[in-house]
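Colleague: Attaching a single structure in structure tokens format; questions to follow.
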Amino acid sequence: MSRAAFLALLAGLAAGPALAQTACPSLPPRANPPPEALPAPVPGPWWQPRVQELDRILASTDLSRVRLLFLGDSITQAWFPLIFQQFYGTRAALNLGVGTDTTQGLLWRLNRLPLGATLKPELVVLLIGTNNAHNPQAEDVALGVAENIRLIRQRSPQSRILLVGLLPRGATAQDPFRASITAINALIARCADNKHVFYADPGPMLLDGAGNLSDQIAYDRLHPTMVGYAILSAALEPQIRALLGK
């Protein structure tokens, strides 16, 4: 490593904490944070095996080549392979989605990733929080999302973040999850400074004119079908293309 590169690395490490503190100022850290904002493994039979699988993938991947990093839960993990390849196959993309993940689970995982060391993506696509949306306190879930953004900014300050609003769930606009997701999205959207953090809300593209979510778009009214992923990817494409420069 050249002296100039070494000095740049030191400057980035020193700037990380300061940059993190400026992220999501409308959702500042709390003295007594809720569980959603504290790193913790997710209990259950699916989360840990997937985390272990990703450990093996990370160990066998040249992380220095990754330009585009996807972080999230099962919606990210299950991105339909043909759709993922079509949109991101030429962009050195890495999918680190984990089924059943939560804001606190992702915080735990981020602390174990070599983010900012060997893994320095140009863009992080972040979609997390739907597995916390049962919490009636939207501010708690939003704070968990904000803490993930702050941690990414601290660890990898050169990475831009495309924060994706929670996708709609439930068959109709009257489903109780819809109001919760709307409230969470309204809070996390404020994290966008359009310099380092950007916000996308592709959810409306998945709904019909009456606000219904068809099982042709999301087979269980939560997880997208191949058609749903095609719509989601197309909705995100203009921002991803602009942020990656191609």
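Identifiers in the structure tokens: chain A, B, ... in order shown; residue index from 1 per chain; ligand index from 1 in order shown.
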Per DSSP on the backbone, filter segment 2-225 of chain A down to the residues in strand (DSSP E or B) and report them as a PyMOL selection string.
Modeller: chain A and resi 68-72+93-97+115+119+123-127+160-164+197-200+218+224
Colleague: Excluding Gln104 of chain A and residues on its chain fewer than 4 positions from it, collect all residues at most 7 Å away from it, counting only C-alpha atoms, and give them as a tab-separated table (two decimals) with all heavy atoms, in the first residue's frame.
Modeller:
chain	number	residue	atom	x	y	z
A	35	PRO	N	-35.20	-2.81	21.99
A	35	PRO	CA	-34.53	-4.01	21.46
A	35	PRO	C	-34.21	-3.91	19.97
A	35	PRO	O	-33.21	-4.45	19.51
A	35	PRO	CB	-35.54	-5.13	21.74
A	35	PRO	CG	-36.32	-4.65	22.92
A	35	PRO	CD	-36.42	-3.16	22.74
A	36	GLU	N	-35.05	-3.21	19.22
A	36	GLU	CA	-34.85	-3.09	17.77
A	36	GLU	C	-33.54	-2.40	17.41
A	36	GLU	O	-33.05	-2.53	16.29
A	36	GLU	CB	-36.02	-2.34	17.13
A	36	GLU	CG	-37.31	-3.09	17.09
A	36	GLU	CD	-38.08	-3.07	18.40
A	36	GLU	OE1	-37.61	-2.43	19.38
A	36	GLU	OE2	-39.15	-3.70	18.47
A	37	ALA	N	-32.99	-1.65	18.36
A	37	ALA	CA	-31.77	-0.87	18.08
A	37	ALA	C	-30.54	-1.46	18.76
A	37	ALA	O	-29.49	-0.80	18.79
A	37	ALA	CB	-31.98	0.57	18.55
A	38	LEU	N	-30.64	-2.68	19.25
A	38	LEU	CA	-29.52	-3.34	19.92
A	38	LEU	C	-29.16	-4.63	19.19
A	38	LEU	O	-30.04	-5.43	18.87
A	38	LEU	CB	-29.86	-3.65	21.37
A	38	LEU	CG	-30.09	-2.44	22.28
A	38	LEU	CD1	-30.62	-2.91	23.64
A	38	LEU	CD2	-28.78	-1.67	22.47
A	39	PRO	N	-27.88	-4.87	18.91
A	39	PRO	CA	-27.50	-6.10	18.18
A	39	PRO	C	-27.90	-7.35	18.96
A	39	PRO	O	-27.65	-7.46	20.16
A	39	PRO	CB	-25.97	-5.99	18.10
A	39	PRO	CG	-25.65	-4.55	18.35
A	39	PRO	CD	-26.71	-4.04	19.25
A	40	ALA	N	-28.53	-8.29	18.25
A	40	ALA	CA	-28.92	-9.55	18.89
A	40	ALA	C	-29.20	-10.60	17.82
A	40	ALA	O	-29.85	-10.29	16.81
A	40	ALA	CB	-30.16	-9.35	19.76
A	108	TRP	N	-26.31	-7.20	14.53
A	108	TRP	CA	-25.40	-8.25	15.01
A	108	TRP	C	-24.53	-8.74	13.86
A	108	TRP	O	-23.32	-8.93	14.03
A	108	TRP	CB	-26.22	-9.38	15.61
A	108	TRP	CG	-25.43	-10.44	16.31
A	108	TRP	CD1	-25.09	-10.46	17.64
A	108	TRP	CD2	-24.88	-11.63	15.73
A	108	TRP	NE1	-24.37	-11.60	17.91
A	108	TRP	CE2	-24.22	-12.34	16.77
A	108	TRP	CE3	-24.88	-12.16	14.44
A	108	TRP	CZ2	-23.57	-13.55	16.55
A	108	TRP	CZ3	-24.23	-13.37	14.23
A	108	TRP	CH2	-23.59	-14.05	15.27
A	144	GLY	N	-34.24	1.28	14.89
A	144	GLY	CA	-33.42	0.13	14.53
A	144	GLY	C	-32.85	0.25	13.13
A	144	GLY	O	-31.67	-0.07	12.88
Colleague: Compile the contact shell of Ala234 of chain A as a PyMOL selection string: residues with an atom at most 10 Å away, counting only C-alpha atoms, same-chain residues fewer than 6 positions apart removed.
Modeller: chain A and resi 83+87+202+205+228+240
Colleague: Find, counting only C-alpha atoms, the residue in A:Pro121, A:Pro29, A:Pro45, A:Pro34 that gets nearest to Val141 of chain A.
Modeller: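 Checking each of A:Pro121, A:Pro29, A:Pro45, A:Pro34 against Val141 of chain A, counting only C-alpha atoms, the winner is A:Pro34.
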Colleague: Check the DSSP output for the backbone and give back, as a PyMOL selection string, the residues of segment 66-176 of chain A in helix (DSSP H, G or I).
Modeller: chain A and resi 74-77+81-88+103-110+130-132+138-155+176
Colleague: Compile the contact shell of Leu162 of chain A as a VMD selection string: residues with an atom at most 12 Å away, counting only C-alpha atoms, same-chain residues fewer than 5 positions apart removed.
Modeller: chain A and resid 68 to 71 121 to 128 149 152 to 153 188 to 189 191 to 202 236 to 244
Colleague: Quick one: write out the picked residues with N, CA and C atoms as an mmCIF file, in the first residue's frame?
Modeller:
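Result file again35.cif:
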data_model
loop_
_atom_site.group_PDB
_atom_site.id
_atom_site.type_symbol
_atom_site.label_atom_id
_atom_site.label_comp_id
_atom_site.auth_asym_id
_atom_site.auth_seq_id
_atom_site.Cartn_x
_atom_site.Cartn_y
_atom_site.Cartn_z
ATOM 1 N N LEU A 68 -21.656 -3.773 -5.238
ATOM 2 C CA LEU A 68 -23.052 -3.598 -4.870
ATOM 3 C C LEU A 68 -23.414 -4.650 -3.829
ATOM 4 N N LEU A 69 -23.816 -4.209 -2.650
ATOM 5 C CA LEU A 69 -24.103 -5.104 -1.540
ATOM 6 C C LEU A 69 -25.564 -4.984 -1.137
ATOM 7 N N PHE A 70 -26.247 -6.122 -1.069
ATOM 8 C CA PHE A 70 -27.640 -6.163 -0.630
ATOM 9 C C PHE A 70 -27.699 -6.707 0.786
ATOM 10 N N LEU A 71 -28.350 -5.968 1.682
ATOM 11 C CA LEU A 71 -28.531 -6.375 3.066
ATOM 12 C C LEU A 71 -30.012 -6.377 3.396
ATOM 13 N N PRO A 121 -18.148 -1.875 -0.551
ATOM 14 C CA PRO A 121 -19.037 -1.670 -1.698
ATOM 15 C C PRO A 121 -19.237 -0.189 -2.011
ATOM 16 N N GLU A 122 -19.434 0.093 -3.281
ATOM 17 C CA GLU A 122 -19.769 1.459 -3.670
ATOM 18 C C GLU A 122 -21.180 1.817 -3.209
ATOM 19 N N LEU A 123 -22.061 0.810 -3.227
ATOM 20 C CA LEU A 123 -23.463 1.039 -2.875
ATOM 21 C C LEU A 123 -23.987 -0.119 -2.050
ATOM 22 N N VAL A 124 -24.686 0.207 -0.971
ATOM 23 C CA VAL A 124 -25.376 -0.775 -0.138
ATOM 24 C C VAL A 124 -26.871 -0.570 -0.311
ATOM 25 N N VAL A 125 -27.581 -1.611 -0.726
ATOM 26 C CA VAL A 125 -29.036 -1.572 -0.810
ATOM 27 C C VAL A 125 -29.576 -2.216 0.459
ATOM 28 N N LEU A 126 -30.275 -1.442 1.256
ATOM 29 C CA LEU A 126 -30.712 -1.863 2.582
ATOM 30 C C LEU A 126 -32.234 -1.952 2.640
ATOM 31 N N LEU A 127 -32.740 -3.144 2.941
ATOM 32 C CA LEU A 127 -34.180 -3.356 3.097
ATOM 33 C C LEU A 127 -34.383 -4.226 4.325
ATOM 34 N N ILE A 128 -34.764 -3.619 5.432
ATOM 35 C CA ILE A 128 -34.887 -4.338 6.694
ATOM 36 C C ILE A 128 -36.009 -3.700 7.522
ATOM 37 N N ILE A 149 -28.060 2.065 9.571
ATOM 38 C CA ILE A 149 -27.470 3.054 8.673
ATOM 39 C C ILE A 149 -26.235 3.672 9.313
ATOM 40 N N ILE A 152 -23.315 1.192 9.219
ATOM 41 C CA ILE A 152 -22.739 1.086 7.874
ATOM 42 C C ILE A 152 -21.901 2.318 7.567
ATOM 43 N N ARG A 153 -22.412 3.487 7.910
ATOM 44 C CA ARG A 153 -21.664 4.723 7.656
ATOM 45 C C ARG A 153 -20.361 4.752 8.449
ATOM 46 N N ILE A 188 -38.303 6.631 8.460
ATOM 47 C CA ILE A 188 -36.977 6.301 7.927
ATOM 48 C C ILE A 188 -36.659 7.076 6.655
ATOM 49 N N ALA A 189 -37.699 7.533 5.956
ATOM 50 C CA ALA A 189 -37.457 8.330 4.747
ATOM 51 C C ALA A 189 -36.654 9.583 5.063
ATOM 52 N N CYS A 191 -34.128 9.785 6.810
ATOM 53 C CA CYS A 191 -32.688 9.500 6.888
ATOM 54 C C CYS A 191 -31.963 9.905 5.608
ATOM 55 N N ALA A 192 -32.699 10.064 4.537
ATOM 56 C CA ALA A 192 -32.064 10.399 3.264
ATOM 57 C C ALA A 192 -31.539 11.828 3.287
ATOM 58 N N ASP A 193 -30.230 11.957 3.040
ATOM 59 C CA ASP A 193 -29.654 13.288 2.872
ATOM 60 C C ASP A 193 -29.310 13.559 1.407
ATOM 61 N N ASN A 194 -29.527 12.540 0.562
ATOM 62 C CA ASN A 194 -29.266 12.614 -0.885
ATOM 63 C C ASN A 194 -27.811 12.952 -1.200
ATOM 64 N N LYS A 195 -26.941 12.662 -0.259
ATOM 65 C CA LYS A 195 -25.501 12.740 -0.473
ATOM 66 C C LYS A 195 -24.857 11.383 -0.204
ATOM 67 N N HIS A 196 -25.187 10.835 0.951
ATOM 68 C CA HIS A 196 -24.652 9.538 1.353
ATOM 69 C C HIS A 196 -25.759 8.493 1.516
ATOM 70 N N VAL A 197 -26.921 8.950 1.914
ATOM 71 C CA VAL A 197 -28.067 8.069 2.124
ATOM 72 C C VAL A 197 -29.201 8.524 1.221
ATOM 73 N N PHE A 198 -29.752 7.573 0.482
ATOM 74 C CA PHE A 198 -30.836 7.845 -0.465
ATOM 75 C C PHE A 198 -32.005 6.937 -0.114
ATOM 76 N N TYR A 199 -33.197 7.374 -0.455
ATOM 77 C CA TYR A 199 -34.397 6.620 -0.094
ATOM 78 C C TYR A 199 -35.185 6.245 -1.338
ATOM 79 N N ALA A 200 -35.670 5.015 -1.355
ATOM 80 C CA ALA A 200 -36.533 4.537 -2.439
ATOM 81 C C ALA A 200 -37.790 3.934 -1.829
ATOM 82 N N ASP A 201 -38.914 4.185 -2.449
ATOM 83 C CA ASP A 201 -40.188 3.637 -1.968
ATOM 84 C C ASP A 201 -40.890 2.930 -3.123
ATOM 85 N N PRO A 202 -40.439 1.705 -3.447
ATOM 86 C CA PRO A 202 -41.024 0.996 -4.588
ATOM 87 C C PRO A 202 -42.337 0.304 -4.261
ATOM 88 N N LEU A 236 -36.300 0.035 -8.648
ATOM 89 C CA LEU A 236 -35.054 0.480 -8.023
ATOM 90 C C LEU A 236 -33.982 0.857 -9.035
ATOM 91 N N GLU A 237 -34.120 0.355 -10.253
ATOM 92 C CA GLU A 237 -33.052 0.468 -11.241
ATOM 93 C C GLU A 237 -32.587 1.898 -11.512
ATOM 94 N N PRO A 238 -33.477 2.865 -11.684
ATOM 95 C CA PRO A 238 -32.964 4.217 -11.992
ATOM 96 C C PRO A 238 -32.029 4.756 -10.911
ATOM 97 N N GLN A 239 -32.366 4.526 -9.639
ATOM 98 C CA GLN A 239 -31.507 5.033 -8.560
ATOM 99 C C GLN A 239 -30.199 4.237 -8.477
ATOM 100 N N ILE A 240 -30.300 2.913 -8.608
ATOM 101 C CA ILE A 240 -29.078 2.113 -8.547
ATOM 102 C C ILE A 240 -28.149 2.488 -9.687
ATOM 103 N N ARG A 241 -28.706 2.654 -10.868
ATOM 104 C CA ARG A 241 -27.884 3.019 -12.027
ATOM 105 C C ARG A 241 -27.222 4.378 -11.813
ATOM 106 N N ALA A 242 -27.975 5.323 -11.282
ATOM 107 C CA ALA A 242 -27.406 6.660 -11.075
ATOM 108 C C ALA A 242 -26.337 6.642 -9.988
ATOM 109 N N LEU A 243 -26.546 5.860 -8.925
ATOM 110 C CA LEU A 243 -25.611 5.854 -7.812
ATOM 111 C C LEU A 243 -24.342 5.076 -8.138
ATOM 112 N N LEU A 244 -24.452 4.077 -9.010
ATOM 113 C CA LEU A 244 -23.265 3.339 -9.430
ATOM 114 C C LEU A 244 -22.584 3.968 -10.641
#
Colleague: For Ala186 of chain A, which residue out of A:Asp101, A:Glu139, A:Asp220, A:Asp73 is the nearest one, using only C-alpha atoms?
Modeller: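 Of A:Asp101, A:Glu139, A:Asp220, A:Asp73, the one nearest Ala186 of chain A is A:Glu139, counting only C-alpha atoms.
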Colleague: Grab the atom CA of Gln216 of chain A to atom CA of Val164 of chain A distance for me, in Å with one decimal place.
Modeller: 21.6 Å
Colleague: Which one of A:Ala173, A:Leu151, A:Leu143, A:Ile75 sits closest to Gly116 of chain A if you count only C-alpha atoms?
Modeller: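 Ranked by minimum distance to Gly116 of chain A, first place goes to A:Leu151.
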Colleague: So that I can see what lies close to Ala179 of chain A, please list as a list in words the residues with an atom at most 10 Å from it, counting only C-alpha atoms and leaving out residues fewer than 4 positions away in the same chain.
Modeller: Ala133, Pro136, Ala138, Pro168, Ala173, Gln174, Asp175, Ala183, Ile184 and Asn185 of chain A
